[in-house]
file model.cif (mmCIF, N, CA, C and O atoms)
data_entry
loop_
_atom_site.group_PDB
_atom_site.id
_atom_site.type_symbol
_atom_site.label_atom_id
_atom_site.label_comp_id
_atom_site.auth_asym_id
_atom_site.auth_seq_id
_atom_site.Cartn_x
_atom_site.Cartn_y
_atom_site.Cartn_z
ATOM 1 N N MET Q 1 17.365 -6.618 9.941
ATOM 2 C CA MET Q 1 16.500 -7.765 10.110
ATOM 3 C C MET Q 1 15.733 -8.009 8.817
ATOM 4 O O MET Q 1 15.188 -7.093 8.211
ATOM 5 N N ALA Q 2 15.692 -9.234 8.381
ATOM 6 C CA ALA Q 2 14.987 -9.600 7.147
ATOM 7 C C ALA Q 2 13.487 -9.642 7.392
ATOM 8 O O ALA Q 2 13.027 -10.006 8.473
ATOM 9 N N THR Q 3 12.741 -9.254 6.382
ATOM 10 C CA THR Q 3 11.292 -9.318 6.495
ATOM 11 C C THR Q 3 10.788 -10.554 5.769
ATOM 12 O O THR Q 3 11.299 -10.920 4.713
ATOM 13 N N ALA Q 4 9.812 -11.189 6.366
ATOM 14 C CA ALA Q 4 9.225 -12.384 5.757
ATOM 15 C C ALA Q 4 8.145 -11.960 4.775
ATOM 16 O O ALA Q 4 7.457 -10.972 4.984
ATOM 17 N N ARG Q 5 7.998 -12.721 3.729
ATOM 18 C CA ARG Q 5 6.975 -12.435 2.733
ATOM 19 C C ARG Q 5 5.919 -13.528 2.829
ATOM 20 O O ARG Q 5 6.232 -14.715 2.790
ATOM 21 N N PHE Q 6 4.676 -13.101 2.971
ATOM 22 C CA PHE Q 6 3.574 -14.040 3.087
ATOM 23 C C PHE Q 6 2.647 -13.863 1.905
ATOM 24 O O PHE Q 6 2.407 -12.746 1.470
ATOM 25 N N GLU Q 7 2.139 -14.964 1.403
ATOM 26 C CA GLU Q 7 1.186 -14.916 0.302
ATOM 27 C C GLU Q 7 -0.031 -15.752 0.647
ATOM 28 O O GLU Q 7 0.060 -16.736 1.367
ATOM 29 N N VAL Q 8 -1.146 -15.335 0.119
ATOM 30 C CA VAL Q 8 -2.404 -16.060 0.291
ATOM 31 C C VAL Q 8 -2.885 -16.444 -1.097
ATOM 32 O O VAL Q 8 -2.852 -15.614 -2.018
ATOM 33 N N ASP Q 9 -3.311 -17.692 -1.255
ATOM 34 C CA ASP Q 9 -3.877 -18.099 -2.546
ATOM 35 C C ASP Q 9 -5.055 -17.190 -2.878
ATOM 36 O O ASP Q 9 -5.844 -16.835 -2.003
ATOM 37 N N LYS Q 10 -5.175 -16.829 -4.137
ATOM 38 C CA LYS Q 10 -6.273 -15.960 -4.552
ATOM 39 C C LYS Q 10 -7.618 -16.653 -4.363
ATOM 40 O O LYS Q 10 -7.730 -17.862 -4.546
ATOM 41 N N PHE Q 11 -8.609 -15.855 -3.988
ATOM 42 C CA PHE Q 11 -9.960 -16.398 -3.873
ATOM 43 C C PHE Q 11 -10.529 -16.525 -5.277
ATOM 44 O O PHE Q 11 -10.572 -15.563 -6.036
ATOM 45 N N THR Q 12 -10.966 -17.735 -5.618
ATOM 46 C CA THR Q 12 -11.434 -18.022 -6.969
ATOM 47 C C THR Q 12 -12.948 -18.125 -7.067
ATOM 48 O O THR Q 12 -13.497 -18.143 -8.162
ATOM 49 N N GLY Q 13 -13.609 -18.211 -5.931
ATOM 50 C CA GLY Q 13 -15.041 -18.471 -5.935
ATOM 51 C C GLY Q 13 -15.322 -19.955 -5.797
ATOM 52 O O GLY Q 13 -16.434 -20.362 -5.491
ATOM 53 N N GLU Q 14 -14.290 -20.760 -6.031
ATOM 54 C CA GLU Q 14 -14.423 -22.208 -5.913
ATOM 55 C C GLU Q 14 -13.713 -22.742 -4.677
ATOM 56 O O GLU Q 14 -14.068 -23.799 -4.173
ATOM 57 N N ASN Q 15 -12.707 -22.012 -4.199
ATOM 58 C CA ASN Q 15 -12.029 -22.457 -2.990
ATOM 59 C C ASN Q 15 -12.820 -22.015 -1.750
ATOM 60 O O ASN Q 15 -13.788 -21.278 -1.847
ATOM 61 N N ASP Q 16 -12.400 -22.476 -0.599
ATOM 62 C CA ASP Q 16 -13.119 -22.253 0.652
ATOM 63 C C ASP Q 16 -12.982 -20.797 1.105
ATOM 64 O O ASP Q 16 -11.902 -20.358 1.507
ATOM 65 N N PHE Q 17 -14.088 -20.047 1.058
ATOM 66 C CA PHE Q 17 -14.060 -18.628 1.420
ATOM 67 C C PHE Q 17 -13.648 -18.427 2.872
ATOM 68 O O PHE Q 17 -12.878 -17.515 3.178
ATOM 69 N N ASN Q 18 -14.159 -19.246 3.780
ATOM 70 C CA ASN Q 18 -13.845 -19.065 5.197
ATOM 71 C C ASN Q 18 -12.359 -19.234 5.476
ATOM 72 O O ASN Q 18 -11.790 -18.470 6.264
ATOM 73 N N LEU Q 19 -11.717 -20.212 4.848
ATOM 74 C CA LEU Q 19 -10.266 -20.366 5.016
ATOM 75 C C LEU Q 19 -9.520 -19.183 4.408
ATOM 76 O O LEU Q 19 -8.551 -18.680 4.981
ATOM 77 N N TRP Q 20 -9.969 -18.726 3.231
ATOM 78 C CA TRP Q 20 -9.342 -17.572 2.586
ATOM 79 C C TRP Q 20 -9.466 -16.336 3.485
ATOM 80 O O TRP Q 20 -8.507 -15.587 3.652
ATOM 81 N N ARG Q 21 -10.634 -16.154 4.099
ATOM 82 C CA ARG Q 21 -10.875 -15.009 4.984
ATOM 83 C C ARG Q 21 -9.932 -15.046 6.189
ATOM 84 O O ARG Q 21 -9.339 -14.027 6.555
ATOM 85 N N ILE Q 22 -9.761 -16.211 6.783
ATOM 86 C CA ILE Q 22 -8.847 -16.360 7.922
ATOM 87 C C ILE Q 22 -7.418 -16.032 7.503
ATOM 88 O O ILE Q 22 -6.691 -15.314 8.202
ATOM 89 N N LYS Q 23 -7.014 -16.538 6.356
ATOM 90 C CA LYS Q 23 -5.660 -16.263 5.854
ATOM 91 C C LYS Q 23 -5.471 -14.784 5.544
ATOM 92 O O LYS Q 23 -4.400 -14.221 5.794
ATOM 93 N N MET Q 24 -6.505 -14.142 4.993
ATOM 94 C CA MET Q 24 -6.403 -12.712 4.689
ATOM 95 C C MET Q 24 -6.276 -11.893 5.970
ATOM 96 O O MET Q 24 -5.504 -10.931 6.025
ATOM 97 N N LYS Q 25 -7.009 -12.261 6.994
ATOM 98 C CA LYS Q 25 -6.875 -11.558 8.285
ATOM 99 C C LYS Q 25 -5.455 -11.695 8.809
ATOM 100 O O LYS Q 25 -4.861 -10.724 9.275
ATOM 101 N N ALA Q 26 -4.900 -12.910 8.706
ATOM 102 C CA ALA Q 26 -3.522 -13.136 9.153
ATOM 103 C C ALA Q 26 -2.540 -12.310 8.329
ATOM 104 O O ALA Q 26 -1.582 -11.739 8.872
ATOM 105 N N LEU Q 27 -2.761 -12.236 7.019
ATOM 106 C CA LEU Q 27 -1.898 -11.440 6.158
ATOM 107 C C LEU Q 27 -1.963 -9.958 6.536
ATOM 108 O O LEU Q 27 -0.932 -9.285 6.619
ATOM 109 N N LEU Q 28 -3.165 -9.457 6.796
ATOM 110 C CA LEU Q 28 -3.308 -8.052 7.192
ATOM 111 C C LEU Q 28 -2.604 -7.779 8.516
ATOM 112 O O LEU Q 28 -2.030 -6.703 8.706
ATOM 113 N N VAL Q 29 -2.627 -8.748 9.429
ATOM 114 C CA VAL Q 29 -1.891 -8.600 10.690
ATOM 115 C C VAL Q 29 -0.397 -8.515 10.394
ATOM 116 O O VAL Q 29 0.301 -7.631 10.915
ATOM 117 N N GLN Q 30 0.119 -9.406 9.550
ATOM 118 C CA GLN Q 30 1.538 -9.408 9.218
ATOM 119 C C GLN Q 30 1.974 -8.102 8.554
ATOM 120 O O GLN Q 30 3.090 -7.644 8.756
ATOM 121 N N GLN Q 31 1.073 -7.509 7.773
ATOM 122 C CA GLN Q 31 1.391 -6.257 7.074
ATOM 123 C C GLN Q 31 1.043 -5.026 7.907
ATOM 124 O O GLN Q 31 1.118 -3.907 7.420
ATOM 125 N N GLU Q 32 0.659 -5.262 9.165
ATOM 126 C CA GLU Q 32 0.277 -4.196 10.096
ATOM 127 C C GLU Q 32 -0.877 -3.359 9.560
ATOM 128 O O GLU Q 32 -0.912 -2.137 9.693
ATOM 129 N N LEU Q 33 -1.847 -4.046 8.937
ATOM 130 C CA LEU Q 33 -3.026 -3.386 8.374
ATOM 131 C C LEU Q 33 -4.322 -3.893 9.001
ATOM 132 O O LEU Q 33 -5.404 -3.549 8.542
ATOM 133 N N SER Q 34 -4.218 -4.704 10.039
ATOM 134 C CA SER Q 34 -5.412 -5.324 10.616
ATOM 135 C C SER Q 34 -6.350 -4.317 11.270
ATOM 136 O O SER Q 34 -7.530 -4.606 11.456
ATOM 137 N N THR Q 35 -5.857 -3.133 11.590
ATOM 138 C CA THR Q 35 -6.748 -2.122 12.168
ATOM 139 C C THR Q 35 -7.855 -1.739 11.194
ATOM 140 O O THR Q 35 -8.926 -1.316 11.606
ATOM 141 N N SER Q 36 -7.613 -1.941 9.908
ATOM 142 C CA SER Q 36 -8.606 -1.564 8.899
ATOM 143 C C SER Q 36 -9.875 -2.392 8.977
ATOM 144 O O SER Q 36 -10.921 -1.973 8.479
ATOM 145 N N ILE Q 37 -9.826 -3.572 9.603
ATOM 146 C CA ILE Q 37 -11.020 -4.409 9.676
ATOM 147 C C ILE Q 37 -11.680 -4.344 11.052
ATOM 148 O O ILE Q 37 -12.621 -5.073 11.318
ATOM 149 N N ASP Q 38 -11.209 -3.446 11.903
ATOM 150 C CA ASP Q 38 -11.811 -3.240 13.218
ATOM 151 C C ASP Q 38 -12.383 -1.821 13.257
ATOM 152 O O ASP Q 38 -11.644 -0.850 13.365
ATOM 153 N N GLU Q 39 -13.698 -1.719 13.167
ATOM 154 C CA GLU Q 39 -14.347 -0.401 13.080
ATOM 155 C C GLU Q 39 -14.076 0.478 14.296
ATOM 156 O O GLU Q 39 -13.942 1.690 14.166
ATOM 157 N N THR Q 40 -13.987 -0.110 15.478
ATOM 158 C CA THR Q 40 -13.715 0.683 16.684
ATOM 159 C C THR Q 40 -12.351 1.338 16.600
ATOM 160 O O THR Q 40 -12.203 2.542 16.823
ATOM 161 N N ILE Q 41 -11.349 0.550 16.247
ATOM 162 C CA ILE Q 41 -9.983 1.079 16.142
ATOM 163 C C ILE Q 41 -9.898 2.081 14.995
ATOM 164 O O ILE Q 41 -9.286 3.142 15.128
ATOM 165 N N MET Q 42 -10.514 1.757 13.854
ATOM 166 C CA MET Q 42 -10.459 2.684 12.713
ATOM 167 C C MET Q 42 -11.153 3.993 13.035
ATOM 168 O O MET Q 42 -10.698 5.063 12.619
ATOM 169 N N GLY Q 43 -12.261 3.931 13.772
ATOM 170 C CA GLY Q 43 -12.958 5.161 14.163
ATOM 171 C C GLY Q 43 -12.067 6.053 15.006
ATOM 172 O O GLY Q 43 -11.996 7.272 14.790
ATOM 173 N N THR Q 44 -11.365 5.452 15.942
ATOM 174 C CA THR Q 44 -10.441 6.206 16.790
ATOM 175 C C THR Q 44 -9.289 6.768 15.965
ATOM 176 O O THR Q 44 -8.907 7.931 16.125
ATOM 177 N N LEU Q 45 -8.755 5.944 15.058
ATOM 178 C CA LEU Q 45 -7.652 6.392 14.211
ATOM 179 C C LEU Q 45 -8.095 7.525 13.289
ATOM 180 O O LEU Q 45 -7.361 8.489 13.091
ATOM 181 N N ARG Q 46 -9.304 7.420 12.754
ATOM 182 C CA ARG Q 46 -9.801 8.499 11.876
ATOM 183 C C ARG Q 46 -9.885 9.825 12.620
ATOM 184 O O ARG Q 46 -9.635 10.881 12.047
ATOM 185 N N GLN Q 47 -10.261 9.764 13.898
ATOM 186 C CA GLN Q 47 -10.365 10.995 14.687
ATOM 187 C C GLN Q 47 -9.000 11.564 15.045
ATOM 188 O O GLN Q 47 -8.824 12.780 15.089
ATOM 189 N N SER Q 48 -8.025 10.677 15.294
ATOM 190 C CA SER Q 48 -6.715 11.171 15.733
ATOM 191 C C SER Q 48 -5.756 11.440 14.575
ATOM 192 O O SER Q 48 -4.929 12.341 14.661
ATOM 193 N N ASP Q 49 -5.856 10.667 13.501
ATOM 194 C CA ASP Q 49 -4.928 10.816 12.377
ATOM 195 C C ASP Q 49 -5.619 10.349 11.095
ATOM 196 O O ASP Q 49 -5.424 9.222 10.645
ATOM 197 N N ALA Q 50 -6.407 11.223 10.517
ATOM 198 C CA ALA Q 50 -7.222 10.873 9.348
ATOM 199 C C ALA Q 50 -6.367 10.422 8.167
ATOM 200 O O ALA Q 50 -6.737 9.492 7.451
ATOM 201 N N ALA Q 51 -5.225 11.056 7.977
ATOM 202 C CA ALA Q 51 -4.357 10.689 6.846
ATOM 203 C C ALA Q 51 -3.831 9.266 7.012
ATOM 204 O O ALA Q 51 -3.821 8.487 6.051
ATOM 205 N N LYS Q 52 -3.410 8.910 8.216
ATOM 206 C CA LYS Q 52 -2.913 7.550 8.453
ATOM 207 C C LYS Q 52 -4.047 6.540 8.286
ATOM 208 O O LYS Q 52 -3.843 5.468 7.725
ATOM 209 N N ALA Q 53 -5.237 6.877 8.771
ATOM 210 C CA ALA Q 53 -6.388 5.985 8.638
ATOM 211 C C ALA Q 53 -6.692 5.722 7.168
ATOM 212 O O ALA Q 53 -6.950 4.579 6.777
ATOM 213 N N MET Q 54 -6.656 6.763 6.351
ATOM 214 C CA MET Q 54 -6.907 6.598 4.918
ATOM 215 C C MET Q 54 -5.833 5.724 4.279
ATOM 216 O O MET Q 54 -6.131 4.890 3.426
ATOM 217 N N ASP Q 55 -4.580 5.899 4.695
ATOM 218 C CA ASP Q 55 -3.477 5.114 4.154
ATOM 219 C C ASP Q 55 -3.625 3.634 4.526
ATOM 220 O O ASP Q 55 -3.495 2.760 3.656
ATOM 221 N N VAL Q 56 -3.916 3.345 5.777
ATOM 222 C CA VAL Q 56 -4.098 1.966 6.235
ATOM 223 C C VAL Q 56 -5.261 1.324 5.491
ATOM 224 O O VAL Q 56 -5.166 0.192 5.014
ATOM 225 N N ASP Q 57 -6.365 2.050 5.383
ATOM 226 C CA ASP Q 57 -7.547 1.538 4.701
ATOM 227 C C ASP Q 57 -7.262 1.241 3.233
ATOM 228 O O ASP Q 57 -7.639 0.181 2.710
ATOM 229 N N ALA Q 58 -6.571 2.152 2.560
ATOM 230 C CA ALA Q 58 -6.253 1.957 1.142
ATOM 231 C C ALA Q 58 -5.313 0.772 0.931
ATOM 232 O O ALA Q 58 -5.499 -0.017 -0.004
ATOM 233 N N LYS Q 59 -4.327 0.614 1.804
ATOM 234 C CA LYS Q 59 -3.391 -0.507 1.672
ATOM 235 C C LYS Q 59 -4.083 -1.844 1.930
ATOM 236 O O LYS Q 59 -3.826 -2.823 1.228
ATOM 237 N N ALA Q 60 -4.961 -1.890 2.922
ATOM 238 C CA ALA Q 60 -5.697 -3.125 3.211
ATOM 239 C C ALA Q 60 -6.633 -3.463 2.055
ATOM 240 O O ALA Q 60 -6.722 -4.623 1.629
ATOM 241 N N HIS Q 61 -7.309 -2.461 1.536
ATOM 242 C CA HIS Q 61 -8.217 -2.646 0.399
ATOM 243 C C HIS Q 61 -7.441 -3.205 -0.794
ATOM 244 O O HIS Q 61 -7.871 -4.153 -1.461
ATOM 245 N N SER Q 62 -6.275 -2.639 -1.034
ATOM 246 C CA SER Q 62 -5.430 -3.089 -2.131
ATOM 247 C C SER Q 62 -4.980 -4.535 -1.938
ATOM 248 O O SER Q 62 -5.010 -5.332 -2.876
ATOM 249 N N ALA Q 63 -4.567 -4.887 -0.721
ATOM 250 C CA ALA Q 63 -4.130 -6.261 -0.435
ATOM 251 C C ALA Q 63 -5.261 -7.251 -0.689
ATOM 252 O O ALA Q 63 -5.047 -8.332 -1.248
ATOM 253 N N ILE Q 64 -6.465 -6.874 -0.308
ATOM 254 C CA ILE Q 64 -7.617 -7.756 -0.523
ATOM 255 C C ILE Q 64 -7.914 -7.898 -2.013
ATOM 256 O O ILE Q 64 -8.111 -9.007 -2.508
ATOM 257 N N LEU Q 65 -7.928 -6.793 -2.730
ATOM 258 C CA LEU Q 65 -8.201 -6.857 -4.172
ATOM 259 C C LEU Q 65 -7.166 -7.696 -4.908
ATOM 260 O O LEU Q 65 -7.507 -8.457 -5.814
ATOM 261 N N LEU Q 66 -5.905 -7.580 -4.509
ATOM 262 C CA LEU Q 66 -4.844 -8.347 -5.154
ATOM 263 C C LEU Q 66 -4.907 -9.833 -4.818
ATOM 264 O O LEU Q 66 -4.238 -10.638 -5.454
ATOM 265 N N SER Q 67 -5.740 -10.191 -3.841
ATOM 266 C CA SER Q 67 -5.897 -11.589 -3.444
ATOM 267 C C SER Q 67 -7.161 -12.217 -4.012
ATOM 268 O O SER Q 67 -7.620 -13.256 -3.539
ATOM 269 N N LEU Q 68 -7.725 -11.571 -5.014
ATOM 270 C CA LEU Q 68 -8.913 -12.090 -5.698
ATOM 271 C C LEU Q 68 -8.545 -12.461 -7.130
ATOM 272 O O LEU Q 68 -7.786 -11.740 -7.788
ATOM 273 N N ARG Q 69 -9.086 -13.555 -7.585
ATOM 274 C CA ARG Q 69 -8.891 -13.934 -8.986
ATOM 275 C C ARG Q 69 -9.616 -12.922 -9.877
ATOM 276 O O ARG Q 69 -10.597 -12.313 -9.472
ATOM 277 N N ASP Q 70 -9.155 -12.746 -11.086
ATOM 278 C CA ASP Q 70 -9.702 -11.729 -11.987
ATOM 279 C C ASP Q 70 -11.219 -11.845 -12.146
ATOM 280 O O ASP Q 70 -11.924 -10.830 -12.138
ATOM 281 N N GLU Q 71 -11.724 -13.044 -12.285
ATOM 282 C CA GLU Q 71 -13.158 -13.230 -12.491
ATOM 283 C C GLU Q 71 -13.958 -12.741 -11.277
ATOM 284 O O GLU Q 71 -15.007 -12.127 -11.419
ATOM 285 N N VAL Q 72 -13.450 -13.031 -10.088
ATOM 286 C CA VAL Q 72 -14.110 -12.589 -8.856
ATOM 287 C C VAL Q 72 -14.034 -11.070 -8.753
ATOM 288 O O VAL Q 72 -15.014 -10.409 -8.421
ATOM 289 N N LEU Q 73 -12.887 -10.514 -9.062
ATOM 290 C CA LEU Q 73 -12.703 -9.061 -9.011
ATOM 291 C C LEU Q 73 -13.640 -8.360 -9.994
ATOM 292 O O LEU Q 73 -14.252 -7.343 -9.666
ATOM 293 N N ARG Q 74 -13.788 -8.908 -11.204
ATOM 294 C CA ARG Q 74 -14.715 -8.326 -12.178
ATOM 295 C C ARG Q 74 -16.144 -8.320 -11.643
ATOM 296 O O ARG Q 74 -16.868 -7.351 -11.792
ATOM 297 N N GLU Q 75 -16.538 -9.437 -11.048
ATOM 298 C CA GLU Q 75 -17.898 -9.533 -10.509
ATOM 299 C C GLU Q 75 -18.119 -8.522 -9.380
ATOM 300 O O GLU Q 75 -19.153 -7.857 -9.342
ATOM 301 N N ILE Q 76 -17.148 -8.377 -8.510
ATOM 302 C CA ILE Q 76 -17.274 -7.426 -7.404
ATOM 303 C C ILE Q 76 -17.296 -6.001 -7.927
ATOM 304 O O ILE Q 76 -18.115 -5.190 -7.503
ATOM 305 N N SER Q 77 -16.397 -5.671 -8.833
ATOM 306 C CA SER Q 77 -16.312 -4.292 -9.320
ATOM 307 C C SER Q 77 -17.535 -3.887 -10.128
ATOM 308 O O SER Q 77 -17.889 -2.708 -10.182
ATOM 309 N N SER Q 78 -18.235 -4.848 -10.734
ATOM 310 C CA SER Q 78 -19.434 -4.500 -11.492
ATOM 311 C C SER Q 78 -20.620 -4.204 -10.573
ATOM 312 O O SER Q 78 -21.599 -3.625 -11.010
ATOM 313 N N LYS Q 79 -20.504 -4.570 -9.295
ATOM 314 C CA LYS Q 79 -21.598 -4.364 -8.348
ATOM 315 C C LYS Q 79 -21.372 -3.168 -7.440
ATOM 316 O O LYS Q 79 -22.205 -2.858 -6.612
ATOM 317 N N THR Q 80 -20.237 -2.491 -7.589
ATOM 318 C CA THR Q 80 -19.973 -1.326 -6.733
ATOM 319 C C THR Q 80 -19.906 -0.063 -7.531
ATOM 320 O O THR Q 80 -19.766 -0.052 -8.707
#

call {"tool": "encode", "arguments": {"input": "model.cif", "output": "structure tokens"}}
result
Amino acid sequence: MATARFEVDKFTGENDFNLWRIKMKALLVQQELSTSIDETIMGTLRQSDAAKAMDVDAKAHSAILLSLRDEVLREISSKT
């Protein structure tokens, strides 16, 4: 079975954040990473399989970072 590839326009700081957020949630669902944004599910996963929880969290974090324009990413990384 072929897998579909989905892309989300990068968040630039000028485009609509709320639409970008909705699209990112949909992308995380498609990549089977949506559990990373649900604290209840992640808490349960961390207790039952900490390694898998860390993997899901890291992949979701990476997908989000890759969906930010460089200028936005620089601004975020300078504040963390």

call {"tool": "closest_atom_pairs", "arguments": {"input": "model.cif", "of": "stretch 4-51 of chain Q", "to": "stretch 55-58 of chain Q", "cutoff": "7 Å", "atoms": "all atoms listed in the file", "output": "JSON lines"}}
result
{"residue": "Q:Glu32", "atom": "O", "partner": "Q:Val56", "partner_atom": "CA", "distance": 6.2}
{"residue": "Q:Leu33", "atom": "O", "partner": "Q:Val56", "partner_atom": "O", "distance": 5.1}
{"residue": "Q:Thr35", "atom": "C", "partner": "Q:Val56", "partner_atom": "C", "distance": 7.0}
{"residue": "Q:Ser36", "atom": "CA", "partner": "Q:Asp57", "partner_atom": "CA", "distance": 5.3}
{"residue": "Q:Asp49", "atom": "O", "partner": "Q:Asp55", "partner_atom": "N", "distance": 6.9}
{"residue": "Q:Ala50", "atom": "O", "partner": "Q:Asp55", "partner_atom": "N", "distance": 5.0}
{"residue": "Q:Ala51", "atom": "O", "partner": "Q:Asp55", "partner_atom": "N", "distance": 3.0}

call {"tool": "write_last_selection", "arguments": {"input": "model.cif", "atoms": "N, CA, C and O atoms", "output": "short mmCIF file (atom, residue, chain, number, x, y, z; two decimals), in the frame of the given file"}}
result
data_model
loop_
_atom_site.label_atom_id
_atom_site.label_comp_id
_atom_site.auth_asym_id
_atom_site.auth_seq_id
_atom_site.Cartn_x
_atom_site.Cartn_y
_atom_site.Cartn_z
N GLU Q 32 0.66 -5.26 9.16
CA GLU Q 32 0.28 -4.20 10.10
C GLU Q 32 -0.88 -3.36 9.56
O GLU Q 32 -0.91 -2.14 9.69
N LEU Q 33 -1.85 -4.05 8.94
CA LEU Q 33 -3.03 -3.39 8.37
C LEU Q 33 -4.32 -3.89 9.00
O LEU Q 33 -5.40 -3.55 8.54
N THR Q 35 -5.86 -3.13 11.59
CA THR Q 35 -6.75 -2.12 12.17
C THR Q 35 -7.86 -1.74 11.19
O THR Q 35 -8.93 -1.32 11.61
N SER Q 36 -7.61 -1.94 9.91
CA SER Q 36 -8.61 -1.56 8.90
C SER Q 36 -9.88 -2.39 8.98
O SER Q 36 -10.92 -1.97 8.48
N ASP Q 49 -5.86 10.67 13.50
CA ASP Q 49 -4.93 10.82 12.38
C ASP Q 49 -5.62 10.35 11.10
O ASP Q 49 -5.42 9.22 10.64
N ALA Q 50 -6.41 11.22 10.52
CA ALA Q 50 -7.22 10.87 9.35
C ALA Q 50 -6.37 10.42 8.17
O ALA Q 50 -6.74 9.49 7.45
N ALA Q 51 -5.22 11.06 7.98
CA ALA Q 51 -4.36 10.69 6.85
C ALA Q 51 -3.83 9.27 7.01
O ALA Q 51 -3.82 8.49 6.05
#

call {"tool": "atom_distance", "arguments": {"input": "model.cif", "atom1": "atom CA of Q:Glu71", "atom2": "atom CA of Q:Thr12"}}
result
7.5 Å

call {"tool": "atom_distance", "arguments": {"input": "model.cif", "atom1": "atom N of Q:Lys23", "atom2": "atom C of Q:Asp9"}}
result
9.5 Å

call {"tool": "atom_distance", "arguments": {"input": "model.cif", "atom1": "atom CA of Q:Ala53", "atom2": "atom CA of Q:Glu39"}}
result
11.1 Å

call {"tool": "select_by_dssp", "arguments": {"input": "model.cif", "residues": "chain Q", "states": "alpha helix (DSSP H)", "output": "VMD selection string"}}
result
chain Q and resid 17 to 30 39 to 48 50 to 65 70 to 78

call {"tool": "closest_residue", "arguments": {"input": "model.cif", "among": "Q:Thr40, Q:Ser77, Q:Ser67, Q:Gln47", "to": "Q:Lys25", "atoms": "only C-alpha atoms"}}
result
Q:Ser67

call {"tool": "resolve_selection", "arguments": {"input": "model.cif", "expression": "the PyMOL selection byres ((chain Q and resi 24) around 8)", "output": "short mmCIF file (atom, residue, chain, number, x, y, z; two decimals) with N, CA, C and O atoms, keeping the file's coordinate frame"}}
result
data_model
loop_
_atom_site.label_atom_id
_atom_site.label_comp_id
_atom_site.auth_asym_id
_atom_site.auth_seq_id
_atom_site.Cartn_x
_atom_site.Cartn_y
_atom_site.Cartn_z
N GLU Q 7 2.14 -14.96 1.40
CA GLU Q 7 1.19 -14.92 0.30
C GLU Q 7 -0.03 -15.75 0.65
O GLU Q 7 0.06 -16.74 1.37
N VAL Q 8 -1.15 -15.34 0.12
CA VAL Q 8 -2.40 -16.06 0.29
C VAL Q 8 -2.88 -16.44 -1.10
O VAL Q 8 -2.85 -15.61 -2.02
N ASP Q 9 -3.31 -17.69 -1.25
CA ASP Q 9 -3.88 -18.10 -2.55
C ASP Q 9 -5.06 -17.19 -2.88
O ASP Q 9 -5.84 -16.84 -2.00
N PHE Q 17 -14.09 -20.05 1.06
CA PHE Q 17 -14.06 -18.63 1.42
C PHE Q 17 -13.65 -18.43 2.87
O PHE Q 17 -12.88 -17.52 3.18
N ASN Q 18 -14.16 -19.25 3.78
CA ASN Q 18 -13.84 -19.07 5.20
C ASN Q 18 -12.36 -19.23 5.48
O ASN Q 18 -11.79 -18.47 6.26
N LEU Q 19 -11.72 -20.21 4.85
CA LEU Q 19 -10.27 -20.37 5.02
C LEU Q 19 -9.52 -19.18 4.41
O LEU Q 19 -8.55 -18.68 4.98
N TRP Q 20 -9.97 -18.73 3.23
CA TRP Q 20 -9.34 -17.57 2.59
C TRP Q 20 -9.47 -16.34 3.48
O TRP Q 20 -8.51 -15.59 3.65
N ARG Q 21 -10.63 -16.15 4.10
CA ARG Q 21 -10.88 -15.01 4.98
C ARG Q 21 -9.93 -15.05 6.19
O ARG Q 21 -9.34 -14.03 6.56
N ILE Q 22 -9.76 -16.21 6.78
CA ILE Q 22 -8.85 -16.36 7.92
C ILE Q 22 -7.42 -16.03 7.50
O ILE Q 22 -6.69 -15.31 8.20
N LYS Q 23 -7.01 -16.54 6.36
CA LYS Q 23 -5.66 -16.26 5.85
C LYS Q 23 -5.47 -14.78 5.54
O LYS Q 23 -4.40 -14.22 5.79
N LYS Q 25 -7.01 -12.26 6.99
CA LYS Q 25 -6.88 -11.56 8.28
C LYS Q 25 -5.46 -11.70 8.81
O LYS Q 25 -4.86 -10.72 9.28
N ALA Q 26 -4.90 -12.91 8.71
CA ALA Q 26 -3.52 -13.14 9.15
C ALA Q 26 -2.54 -12.31 8.33
O ALA Q 26 -1.58 -11.74 8.87
N LEU Q 27 -2.76 -12.24 7.02
CA LEU Q 27 -1.90 -11.44 6.16
C LEU Q 27 -1.96 -9.96 6.54
O LEU Q 27 -0.93 -9.28 6.62
N LEU Q 28 -3.16 -9.46 6.80
CA LEU Q 28 -3.31 -8.05 7.19
C LEU Q 28 -2.60 -7.78 8.52
O LEU Q 28 -2.03 -6.70 8.71
N VAL Q 29 -2.63 -8.75 9.43
CA VAL Q 29 -1.89 -8.60 10.69
C VAL Q 29 -0.40 -8.52 10.39
O VAL Q 29 0.30 -7.63 10.92
N GLN Q 30 0.12 -9.41 9.55
CA GLN Q 30 1.54 -9.41 9.22
C GLN Q 30 1.97 -8.10 8.55
O GLN Q 30 3.09 -7.64 8.76
N GLN Q 31 1.07 -7.51 7.77
CA GLN Q 31 1.39 -6.26 7.07
C GLN Q 31 1.04 -5.03 7.91
O GLN Q 31 1.12 -3.91 7.42
N LEU Q 33 -1.85 -4.05 8.94
CA LEU Q 33 -3.03 -3.39 8.37
C LEU Q 33 -4.32 -3.89 9.00
O LEU Q 33 -5.40 -3.55 8.54
N SER Q 34 -4.22 -4.70 10.04
CA SER Q 34 -5.41 -5.32 10.62
C SER Q 34 -6.35 -4.32 11.27
O SER Q 34 -7.53 -4.61 11.46
N ALA Q 60 -4.96 -1.89 2.92
CA ALA Q 60 -5.70 -3.12 3.21
C ALA Q 60 -6.63 -3.46 2.06
O ALA Q 60 -6.72 -4.62 1.63
N ALA Q 63 -4.57 -4.89 -0.72
CA ALA Q 63 -4.13 -6.26 -0.44
C ALA Q 63 -5.26 -7.25 -0.69
O ALA Q 63 -5.05 -8.33 -1.25
N ILE Q 64 -6.46 -6.87 -0.31
CA ILE Q 64 -7.62 -7.76 -0.52
C ILE Q 64 -7.91 -7.90 -2.01
O ILE Q 64 -8.11 -9.01 -2.51
#

call {"tool": "axis_aligned_box", "arguments": {"input": "model.cif", "around": "stretch 38-44 of chain Q", "padding_each_side": "8 Å", "output": "JSON"}}
result
{"center_x": -11.6, "center_y": 2.2, "center_z": 14.4, "size_x": 21.4, "size_y": 27.4, "size_z": 20.9}

call {"tool": "residues_around", "arguments": {"input": "model.cif", "residues": "Q:Gly13", "least_positions_apart": "6", "cutoff": "9 Å", "atoms": "only C-alpha atoms", "output": "list in words"}}
result
Leu68, Arg69, Glu71 and Val72 of chain Q
